[in-house]
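This report refers to the structure that appears directly beneath it.
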Amino acid sequence: MNQFRAARDQRLIQGLGAAAARLPSTSGPVVEGVLKRVVGLTLEAVGCQVQIGGRCRVLGADGHGQEAEVVGFSGERVYLMPSGEMHGLTPNARVIPLRQAAEVAVGDALLGRVLDGEGQPLDGLPKPRCERRVRLNGVPINPLARAPITDPLDVGVRVINSLLTVGRGQRIGLFAGTGVGKSTLLGMMTRFTSADVIVVGLIGERGREVRDFIDHALGPEGLRRAVVVATPADRSPLMRLRGAALATSIAEHFRDQGKHVLLLMDSLTRFAQAQREIGLAVGEPPTTRGYPPSVFAKLPHLVERAGNGVNGVGSITAFYTVLTEGDDPNDPIADTARGILDGHILMSRAIADSGIYPAVDIESSVSRVAHEITSAPHQQLVRRFRQLFSAHQRNKDLISIGAYQKGSDARVDAAIALWPRMEEFLRQDVQQSADFLGSLQALNTLLTTT
């Protein structure tokens, strides 16, 4: 029975993909339009017939074309968002609908390459030759056809391996304010995680960070098994959205080849901000802190594309960084992300200021699949560590000024005695790798010896 259902789901997925691939191929002549208005980042055209998500080429005064995507319409007016600069556009410029679908080239030729949101090389090398093309926005997978998360993933970071165990195929958020070290932690996981392919999406970050991440976080050895998609903050909001979708499409391709993929996206907040710019530009009403409703619809659509493949064929383990504005963990994007992800790791500025790195707040972080992929003794060690950590943090002020009286609480006494070793356990050098078994043994040694 299970084999029958699996075969049925596979046929359904293949049928959906084939049908979706045929949609853009419309018959009949191309109906051109003219550009009538430019408002902020939005182009308004009349006369052309094109669907939402379709692409057009707007011809400037110098004859060069600027590609744009249809993001809305009202009556006869079509709203387009350009993928690049709008210099050279004039009133009544020709708007020519394009027939090709939003597809991307994928294949092994992408490994070791750095691309922009359109799949064009940024590393100065020739454009990679890939024979296969897939949809930019992917094909939804039947949730009942996905394989469950059963195996832990070694990310090479002791505090995560032991206390916040991540499963292969899990989607987890990395929450932090600016300057707390989330990008550095991503770099550690990039180098140390046991994965066949690593796909990195640098969305809306500073241009300087792109080079730094490639040179220092990845390095030549890490880049050989990685694909980097970079759309810095100075790119158009449409390009930033495409960059996130492209990175996810590439990860999906390698997953469908049966490989275990690590997808790192920095950051989910910049993706949401790009969609906010587009939504407000086409007239969507702002709701929570200026974010229009489309933002909260786009986030789960992007995140749900990661995870295990059909019938256990391949996996995408995804880490999404989330910027907490003003170190507020309840800002709307962070709050939404917690609801759609399989766990969250909160990085604390106070812990970072105390000299502990990675600055992971154990009390506020959780992996929602840890109890399904770890043994009972492991879970008991985690509970014991959390209890001691929490007891020390609650009494930290009393302990620091010498007001705590020894013997008042046995758990606090144990926490004080173990605290120097607990701090050492939490601290890890950026160049140091801690495998899963070694992390578990270190935790066991810490809590079972005096």
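Every chain in the structure tokens takes a letter, A first, then B, and so on in the order presented; its residues are numbered from 1, and the ligands are numbered from 1 following the presented order.
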Filtered DSSP result for stretch 94-335 of chain A, state alpha helix (DSSP H), as a PyMOL selection string = chain A and resi 158-163+182-192+207-212+219-223+237-256+268-281+293-303+332-335
Name the residues in contact with A:Pro152 at a cut-off of 10 Å, using only C-alpha atoms, excluding same-chain residues fewer than 3 positions from it; report them as a VMD selection string.
-> chain A and resid 149 155 161 165 to 170 369 to 370 372 to 374 436
Got a sec: who's within 6 Å of A:Leu323, counting only C-alpha atoms, leaving out chain neighbours fewer than 4 positions off, as a short mmCIF file (atom, residue, chain, number, x, y, z; two decimals) with all heavy atoms, in the first residue's frame?
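Saved result, selection_24.cif, follows:
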data_model
loop_
_atom_site.label_atom_id
_atom_site.label_comp_id
_atom_site.auth_asym_id
_atom_site.auth_seq_id
_atom_site.Cartn_x
_atom_site.Cartn_y
_atom_site.Cartn_z
N ALA A 176 19.34 36.85 15.32
CA ALA A 176 20.38 37.67 15.95
C ALA A 176 20.22 39.11 15.51
O ALA A 176 19.68 39.40 14.43
CB ALA A 176 21.77 37.17 15.57
N GLY A 177 20.68 40.02 16.35
CA GLY A 177 20.79 41.41 15.96
C GLY A 177 22.06 41.62 15.14
O GLY A 177 22.80 40.68 14.84
N THR A 269 15.24 38.04 6.54
CA THR A 269 14.70 39.38 6.78
C THR A 269 14.87 40.27 5.55
O THR A 269 13.96 41.01 5.18
CB THR A 269 15.40 40.02 7.98
OG1 THR A 269 15.25 39.17 9.12
CG2 THR A 269 14.81 41.39 8.29
#
Do you know which residues are at most 9 Å from A:Gln51 counting only C-alpha atoms, after dropping those on the same chain fewer than 2 positions away, and could you put them as number ranges by chain?
-> A: 49, 53-55, 70-72
I want to know what sits within 9 Å of stretch 281-286 of chain A, based on only C-alpha atoms, with residues of the same chain fewer than 3 positions away left out; could you give that as a PDB file with all heavy atoms, in the first residue's frame?
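Output below, filename result-v1.pdb:
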ATOM      1  N   VAL A  39       6.679  55.379 -11.299  1.00  0.00           N
ATOM      2  CA  VAL A  39       6.446  55.873  -9.949  1.00  0.00           C
ATOM      3  C   VAL A  39       7.356  55.125  -8.996  1.00  0.00           C
ATOM      4  O   VAL A  39       7.150  53.928  -8.751  1.00  0.00           O
ATOM      5  CB  VAL A  39       4.974  55.700  -9.518  1.00  0.00           C
ATOM      6  CG1 VAL A  39       4.768  56.248  -8.110  1.00  0.00           C
ATOM      7  CG2 VAL A  39       4.045  56.381 -10.497  1.00  0.00           C
ATOM      8  N   GLY A  40       8.371  55.796  -8.485  1.00  0.00           N
ATOM      9  CA  GLY A  40       9.307  55.128  -7.595  1.00  0.00           C
ATOM     10  C   GLY A  40      10.006  53.988  -8.311  1.00  0.00           C
ATOM     11  O   GLY A  40      10.691  54.180  -9.315  1.00  0.00           O
ATOM     12  N   LEU A  41       9.805  52.771  -7.817  1.00  0.00           N
ATOM     13  CA  LEU A  41      10.432  51.597  -8.407  1.00  0.00           C
ATOM     14  C   LEU A  41       9.516  50.892  -9.399  1.00  0.00           C
ATOM     15  O   LEU A  41       9.909  49.866  -9.957  1.00  0.00           O
ATOM     16  CB  LEU A  41      10.816  50.604  -7.295  1.00  0.00           C
ATOM     17  CG  LEU A  41      11.811  51.100  -6.245  1.00  0.00           C
ATOM     18  CD1 LEU A  41      11.977  50.040  -5.157  1.00  0.00           C
ATOM     19  CD2 LEU A  41      13.147  51.424  -6.871  1.00  0.00           C
ATOM     20  N   THR A  42       8.321  51.427  -9.619  1.00  0.00           N
ATOM     21  CA  THR A  42       7.325  50.720 -10.414  1.00  0.00           C
ATOM     22  C   THR A  42       7.151  51.351 -11.787  1.00  0.00           C
ATOM     23  O   THR A  42       7.108  52.574 -11.924  1.00  0.00           O
ATOM     24  CB  THR A  42       5.963  50.720  -9.692  1.00  0.00           C
ATOM     25  OG1 THR A  42       6.144  50.314  -8.342  1.00  0.00           O
ATOM     26  CG2 THR A  42       4.985  49.779 -10.382  1.00  0.00           C
ATOM     27  N   VAL A  71       4.195  42.481 -11.615  1.00  0.00           N
ATOM     28  CA  VAL A  71       3.906  42.251 -10.202  1.00  0.00           C
ATOM     29  C   VAL A  71       2.479  42.632  -9.839  1.00  0.00           C
ATOM     30  O   VAL A  71       2.057  42.444  -8.697  1.00  0.00           O
ATOM     31  CB  VAL A  71       4.896  43.027  -9.306  1.00  0.00           C
ATOM     32  CG1 VAL A  71       6.308  42.491  -9.476  1.00  0.00           C
ATOM     33  CG2 VAL A  71       4.867  44.524  -9.606  1.00  0.00           C
ATOM     34  N   GLY A  72       1.700  43.154 -10.794  1.00  0.00           N
ATOM     35  CA  GLY A  72       0.309  43.503 -10.517  1.00  0.00           C
ATOM     36  C   GLY A  72      -0.313  44.215 -11.696  1.00  0.00           C
ATOM     37  O   GLY A  72       0.353  44.548 -12.679  1.00  0.00           O
ATOM     38  N   PHE A  73      -1.616  44.419 -11.628  1.00  0.00           N
ATOM     39  CA  PHE A  73      -2.307  45.185 -12.662  1.00  0.00           C
ATOM     40  C   PHE A  73      -3.574  45.793 -12.071  1.00  0.00           C
ATOM     41  O   PHE A  73      -4.101  45.335 -11.053  1.00  0.00           O
ATOM     42  CB  PHE A  73      -2.644  44.309 -13.879  1.00  0.00           C
ATOM     43  CG  PHE A  73      -3.509  43.118 -13.579  1.00  0.00           C
ATOM     44  CD1 PHE A  73      -4.895  43.225 -13.496  1.00  0.00           C
ATOM     45  CD2 PHE A  73      -2.931  41.877 -13.378  1.00  0.00           C
ATOM     46  CE1 PHE A  73      -5.678  42.130 -13.214  1.00  0.00           C
ATOM     47  CE2 PHE A  73      -3.714  40.770 -13.094  1.00  0.00           C
ATOM     48  CZ  PHE A  73      -5.093  40.893 -13.000  1.00  0.00           C
ATOM     49  N   TYR A  79       1.542  46.709 -13.854  1.00  0.00           N
ATOM     50  CA  TYR A  79       2.631  47.184 -13.020  1.00  0.00           C
ATOM     51  C   TYR A  79       3.821  46.229 -13.160  1.00  0.00           C
ATOM     52  O   TYR A  79       3.679  45.007 -12.998  1.00  0.00           O
ATOM     53  CB  TYR A  79       2.214  47.266 -11.558  1.00  0.00           C
ATOM     54  CG  TYR A  79       1.036  48.179 -11.312  1.00  0.00           C
ATOM     55  CD1 TYR A  79      -0.092  47.739 -10.629  1.00  0.00           C
ATOM     56  CD2 TYR A  79       1.059  49.483 -11.777  1.00  0.00           C
ATOM     57  CE1 TYR A  79      -1.166  48.570 -10.409  1.00  0.00           C
ATOM     58  CE2 TYR A  79      -0.019  50.338 -11.571  1.00  0.00           C
ATOM     59  CZ  TYR A  79      -1.134  49.874 -10.883  1.00  0.00           C
ATOM     60  OH  TYR A  79      -2.199  50.708 -10.685  1.00  0.00           O
ATOM     61  N   LEU A  80       4.983  46.805 -13.459  1.00  0.00           N
ATOM     62  CA  LEU A  80       6.197  46.007 -13.636  1.00  0.00           C
ATOM     63  C   LEU A  80       7.278  46.492 -12.686  1.00  0.00           C
ATOM     64  O   LEU A  80       7.353  47.683 -12.359  1.00  0.00           O
ATOM     65  CB  LEU A  80       6.706  46.093 -15.078  1.00  0.00           C
ATOM     66  CG  LEU A  80       5.720  45.705 -16.192  1.00  0.00           C
ATOM     67  CD1 LEU A  80       5.203  46.966 -16.878  1.00  0.00           C
ATOM     68  CD2 LEU A  80       6.396  44.795 -17.206  1.00  0.00           C
ATOM     69  N   MET A  81       8.113  45.559 -12.271  1.00  0.00           N
ATOM     70  CA  MET A  81       9.252  45.879 -11.421  1.00  0.00           C
ATOM     71  C   MET A  81      10.521  45.538 -12.193  1.00  0.00           C
ATOM     72  O   MET A  81      10.724  44.382 -12.584  1.00  0.00           O
ATOM     73  CB  MET A  81       9.199  45.071 -10.120  1.00  0.00           C
ATOM     74  CG  MET A  81      10.286  45.402  -9.123  1.00  0.00           C
ATOM     75  SD  MET A  81      10.140  47.070  -8.408  1.00  0.00           S
ATOM     76  CE  MET A  81       8.541  46.967  -7.606  1.00  0.00           C
ATOM     77  N   ARG A 276       8.528  43.663   0.734  1.00  0.00           N
ATOM     78  CA  ARG A 276       7.820  44.837   1.250  1.00  0.00           C
ATOM     79  C   ARG A 276       7.959  46.017   0.287  1.00  0.00           C
ATOM     80  O   ARG A 276       6.980  46.730   0.017  1.00  0.00           O
ATOM     81  CB  ARG A 276       8.370  45.227   2.627  1.00  0.00           C
ATOM     82  CG  ARG A 276       7.740  46.504   3.190  1.00  0.00           C
ATOM     83  CD  ARG A 276       8.183  46.788   4.614  1.00  0.00           C
ATOM     84  NE  ARG A 276       9.609  47.042   4.710  1.00  0.00           N
ATOM     85  CZ  ARG A 276      10.237  47.295   5.865  1.00  0.00           C
ATOM     86  NH1 ARG A 276       9.558  47.317   6.997  1.00  0.00           N
ATOM     87  NH2 ARG A 276      11.531  47.518   5.885  1.00  0.00           N
ATOM     88  N   GLU A 277       9.169  46.216  -0.243  1.00  0.00           N
ATOM     89  CA  GLU A 277       9.374  47.308  -1.201  1.00  0.00           C
ATOM     90  C   GLU A 277       8.472  47.137  -2.423  1.00  0.00           C
ATOM     91  O   GLU A 277       7.882  48.104  -2.905  1.00  0.00           O
ATOM     92  CB  GLU A 277      10.840  47.353  -1.631  1.00  0.00           C
ATOM     93  CG  GLU A 277      11.804  47.756  -0.527  1.00  0.00           C
ATOM     94  CD  GLU A 277      13.246  47.743  -1.000  1.00  0.00           C
ATOM     95  OE1 GLU A 277      13.497  48.215  -2.121  1.00  0.00           O
ATOM     96  OE2 GLU A 277      14.119  47.246  -0.261  1.00  0.00           O
ATOM     97  N   ILE A 278       8.375  45.905  -2.916  1.00  0.00           N
ATOM     98  CA  ILE A 278       7.544  45.657  -4.097  1.00  0.00           C
ATOM     99  C   ILE A 278       6.071  45.832  -3.760  1.00  0.00           C
ATOM    100  O   ILE A 278       5.312  46.475  -4.505  1.00  0.00           O
ATOM    101  CB  ILE A 278       7.815  44.246  -4.641  1.00  0.00           C
ATOM    102  CG1 ILE A 278       9.241  44.149  -5.184  1.00  0.00           C
ATOM    103  CG2 ILE A 278       6.810  43.881  -5.733  1.00  0.00           C
ATOM    104  CD1 ILE A 278       9.628  42.773  -5.656  1.00  0.00           C
ATOM    105  N   ARG A 289       3.971  46.935  11.214  1.00  0.00           N
ATOM    106  CA  ARG A 289       5.243  47.662  11.059  1.00  0.00           C
ATOM    107  C   ARG A 289       5.582  47.923   9.598  1.00  0.00           C
ATOM    108  O   ARG A 289       6.734  47.829   9.183  1.00  0.00           O
ATOM    109  CB  ARG A 289       6.370  46.887  11.738  1.00  0.00           C
ATOM    110  CG  ARG A 289       6.263  46.831  13.254  1.00  0.00           C
ATOM    111  CD  ARG A 289       7.582  46.452  13.874  1.00  0.00           C
ATOM    112  NE  ARG A 289       7.446  46.235  15.300  1.00  0.00           N
ATOM    113  CZ  ARG A 289       8.428  45.853  16.102  1.00  0.00           C
ATOM    114  NH1 ARG A 289       9.634  45.643  15.587  1.00  0.00           N
ATOM    115  NH2 ARG A 289       8.242  45.661  17.377  1.00  0.00           N
ATOM    116  N   GLY A 290       4.579  48.232   8.808  1.00  0.00           N
ATOM    117  CA  GLY A 290       4.806  48.593   7.416  1.00  0.00           C
ATOM    118  C   GLY A 290       4.925  47.429   6.466  1.00  0.00           C
ATOM    119  O   GLY A 290       5.126  47.643   5.262  1.00  0.00           O
ATOM    120  N   TYR A 291       4.818  46.196   6.923  1.00  0.00           N
ATOM    121  CA  TYR A 291       4.885  45.038   6.033  1.00  0.00           C
ATOM    122  C   TYR A 291       3.504  44.746   5.458  1.00  0.00           C
ATOM    123  O   TYR A 291       2.543  44.579   6.214  1.00  0.00           O
ATOM    124  CB  TYR A 291       5.394  43.798   6.776  1.00  0.00           C
ATOM    125  CG  TYR A 291       6.864  43.827   7.100  1.00  0.00           C
ATOM    126  CD1 TYR A 291       7.315  44.206   8.355  1.00  0.00           C
ATOM    127  CD2 TYR A 291       7.812  43.470   6.151  1.00  0.00           C
ATOM    128  CE1 TYR A 291       8.671  44.234   8.655  1.00  0.00           C
ATOM    129  CE2 TYR A 291       9.166  43.496   6.436  1.00  0.00           C
ATOM    130  CZ  TYR A 291       9.583  43.873   7.694  1.00  0.00           C
ATOM    131  OH  TYR A 291      10.924  43.904   7.973  1.00  0.00           O
ATOM    132  N   PRO A 292       3.377  44.665   4.121  1.00  0.00           N
ATOM    133  CA  PRO A 292       2.078  44.326   3.514  1.00  0.00           C
ATOM    134  C   PRO A 292       1.792  42.830   3.635  1.00  0.00           C
ATOM    135  O   PRO A 292       2.695  42.036   3.929  1.00  0.00           O
ATOM    136  CB  PRO A 292       2.265  44.740   2.050  1.00  0.00           C
ATOM    137  CG  PRO A 292       3.729  44.631   1.816  1.00  0.00           C
ATOM    138  CD  PRO A 292       4.397  44.973   3.111  1.00  0.00           C
ATOM    139  N   PRO A 293       0.539  42.409   3.398  1.00  0.00           N
ATOM    140  CA  PRO A 293       0.173  40.998   3.565  1.00  0.00           C
ATOM    141  C   PRO A 293       0.972  40.041   2.697  1.00  0.00           C
ATOM    142  O   PRO A 293       1.197  38.893   3.084  1.00  0.00           O
ATOM    143  CB  PRO A 293      -1.321  40.981   3.185  1.00  0.00           C
ATOM    144  CG  PRO A 293      -1.794  42.372   3.429  1.00  0.00           C
ATOM    145  CD  PRO A 293      -0.632  43.259   3.107  1.00  0.00           C
ATOM    146  N   SER A 294       1.414  40.477   1.503  1.00  0.00           N
ATOM    147  CA  SER A 294       2.118  39.566   0.600  1.00  0.00           C
ATOM    148  C   SER A 294       3.417  39.043   1.212  1.00  0.00           C
ATOM    149  O   SER A 294       3.874  37.947   0.872  1.00  0.00           O
ATOM    150  CB  SER A 294       2.413  40.266  -0.728  1.00  0.00           C
ATOM    151  OG  SER A 294       3.274  41.381  -0.537  1.00  0.00           O
TER     152      SER A 294
END
Find the residues around stretch 193-204 of chain A up to 6 Å (only C-alpha atoms counted), leave out those fewer than 4 positions away in its own chain, and share them as an MDAnalysis selection string.
-> chainID A and resid 154:156 189 225:233 240 247 259:267 270
For stretch 130-172 of chain A against stretch 421-430 of chain A, with a cut-off of 10 Å and counting only C-alpha atoms, what is the closest atom pair and its distance in Å to one decimal for every residue that makes the cut, ordered by chain and number, as CSV?
residue,atom,partner,partner_atom,distance
A:Val157,CA,A:Gln428,CA,7.7
A:Arg158,CA,A:Leu426,CA,7.3
A:Val159,CA,A:Leu426,CA,5.8
A:Ile160,CA,A:Leu426,CA,9.5
A:Leu163,CA,A:Leu426,CA,9.9
Write the residues you've just listed into a file as a PDB file, in the first residue's frame, and include N, CA, C and O atoms for each of them.
ATOM      1  N   VAL A 157      29.580  22.316  15.174  1.00  0.00           N
ATOM      2  CA  VAL A 157      29.536  23.314  16.248  1.00  0.00           C
ATOM      3  C   VAL A 157      29.045  22.609  17.511  1.00  0.00           C
ATOM      4  O   VAL A 157      27.940  22.063  17.531  1.00  0.00           O
ATOM      5  N   ARG A 158      29.848  22.614  18.561  1.00  0.00           N
ATOM      6  CA  ARG A 158      29.591  21.802  19.746  1.00  0.00           C
ATOM      7  C   ARG A 158      28.256  22.121  20.420  1.00  0.00           C
ATOM      8  O   ARG A 158      27.494  21.218  20.772  1.00  0.00           O
ATOM      9  N   VAL A 159      27.964  23.397  20.592  1.00  0.00           N
ATOM     10  CA  VAL A 159      26.740  23.771  21.306  1.00  0.00           C
ATOM     11  C   VAL A 159      25.490  23.350  20.523  1.00  0.00           C
ATOM     12  O   VAL A 159      24.482  22.961  21.126  1.00  0.00           O
ATOM     13  N   ILE A 160      25.553  23.379  19.206  1.00  0.00           N
ATOM     14  CA  ILE A 160      24.402  22.968  18.401  1.00  0.00           C
ATOM     15  C   ILE A 160      24.307  21.449  18.334  1.00  0.00           C
ATOM     16  O   ILE A 160      23.226  20.866  18.503  1.00  0.00           O
ATOM     17  N   LEU A 163      23.386  20.336  22.314  1.00  0.00           N
ATOM     18  CA  LEU A 163      22.227  20.885  23.029  1.00  0.00           C
ATOM     19  C   LEU A 163      21.059  21.242  22.123  1.00  0.00           C
ATOM     20  O   LEU A 163      19.921  21.313  22.598  1.00  0.00           O
TER      21      LEU A 163
END
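Of the listed residues A:Gln275, A:Ser433, A:Ser354, A:Gln380, the one whose atoms come nearest to A:Val180 is A:Ser354, with distances taken using only C-alpha atoms.
Among the candidates A:Glu85, A:Ile250, A:Gly119, A:Asn444, the one nearest to A:Pro377 when counting only C-alpha atoms is A:Asn444.
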Report as a tab-separated table: every residue of stretch 58-159 of chain A with an atom at most 12 Å from stretch 299-322 of chain A, its closest pair of atoms, and their distance in Å to one decimal, counting only C-alpha atoms, with rows sorted by chain and ascending residue number.
residue	atom	partner	partner_atom	distance
A:Leu136	CA	A:Leu302	CA	11.1
A:Asn137	CA	A:Leu302	CA	8.4
A:Gly138	CA	A:Arg305	CA	7.4
A:Val139	CA	A:Arg305	CA	8.2
A:Pro140	CA	A:Arg305	CA	7.0
A:Ile141	CA	A:Val310	CA	7.5
A:Asn142	CA	A:Val310	CA	8.3
A:Pro143	CA	A:Val310	CA	8.9
A:Leu144	CA	A:Val310	CA	8.9
A:Ala145	CA	A:Val310	CA	5.3
A:Arg146	CA	A:Val310	CA	4.8
A:Ala147	CA	A:Gly312	CA	4.7
A:Pro148	CA	A:Asn308	CA	7.3
A:Ile149	CA	A:Asn308	CA	7.4
A:Thr150	CA	A:Gly312	CA	10.3
A:Asp151	CA	A:Ser315	CA	11.1
A:Pro152	CA	A:Thr317	CA	10.7
A:Leu153	CA	A:Thr317	CA	8.6
A:Asp154	CA	A:Thr317	CA	11.2
A:Val155	CA	A:Thr317	CA	10.5
Selection export as a PDB file, in the first residue's frame, atoms kept: C-alpha atoms:
ATOM      1  CA  LEU A 136      12.493  29.328 -10.557  1.00  0.00           C
ATOM      2  CA  ASN A 137       9.619  28.980  -8.091  1.00  0.00           C
ATOM      3  CA  GLY A 138       9.769  25.198  -7.785  1.00  0.00           C
ATOM      4  CA  VAL A 139       7.043  22.557  -7.702  1.00  0.00           C
ATOM      5  CA  PRO A 140       5.271  21.902  -4.366  1.00  0.00           C
ATOM      6  CA  ILE A 141       5.827  18.477  -2.817  1.00  0.00           C
ATOM      7  CA  ASN A 142       2.977  16.558  -1.242  1.00  0.00           C
ATOM      8  CA  PRO A 143       3.730  16.811   2.504  1.00  0.00           C
ATOM      9  CA  LEU A 144       2.726  13.161   2.977  1.00  0.00           C
ATOM     10  CA  ALA A 145       5.316  12.115   0.395  1.00  0.00           C
ATOM     11  CA  ARG A 146       8.224  13.712   2.280  1.00  0.00           C
ATOM     12  CA  ALA A 147      10.464  11.412   4.265  1.00  0.00           C
ATOM     13  CA  PRO A 148      10.422  12.072   8.034  1.00  0.00           C
ATOM     14  CA  ILE A 149      13.462  13.540   9.775  1.00  0.00           C
ATOM     15  CA  THR A 150      15.234  10.643  11.462  1.00  0.00           C
ATOM     16  CA  ASP A 151      18.992  11.302  11.355  1.00  0.00           C
ATOM     17  CA  PRO A 152      21.025  13.950  13.197  1.00  0.00           C
ATOM     18  CA  LEU A 153      23.213  16.266  11.139  1.00  0.00           C
ATOM     19  CA  ASP A 154      26.762  17.023  12.240  1.00  0.00           C
ATOM     20  CA  VAL A 155      27.248  20.798  11.817  1.00  0.00           C
TER      21      VAL A 155
END
Given only C-alpha atoms as the counted atoms, nearest of A:Ser249, A:Arg384, A:Thr178, A:Asp409 to A:Thr448 =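 The answer is A:Arg384, which sits nearest to A:Thr448.
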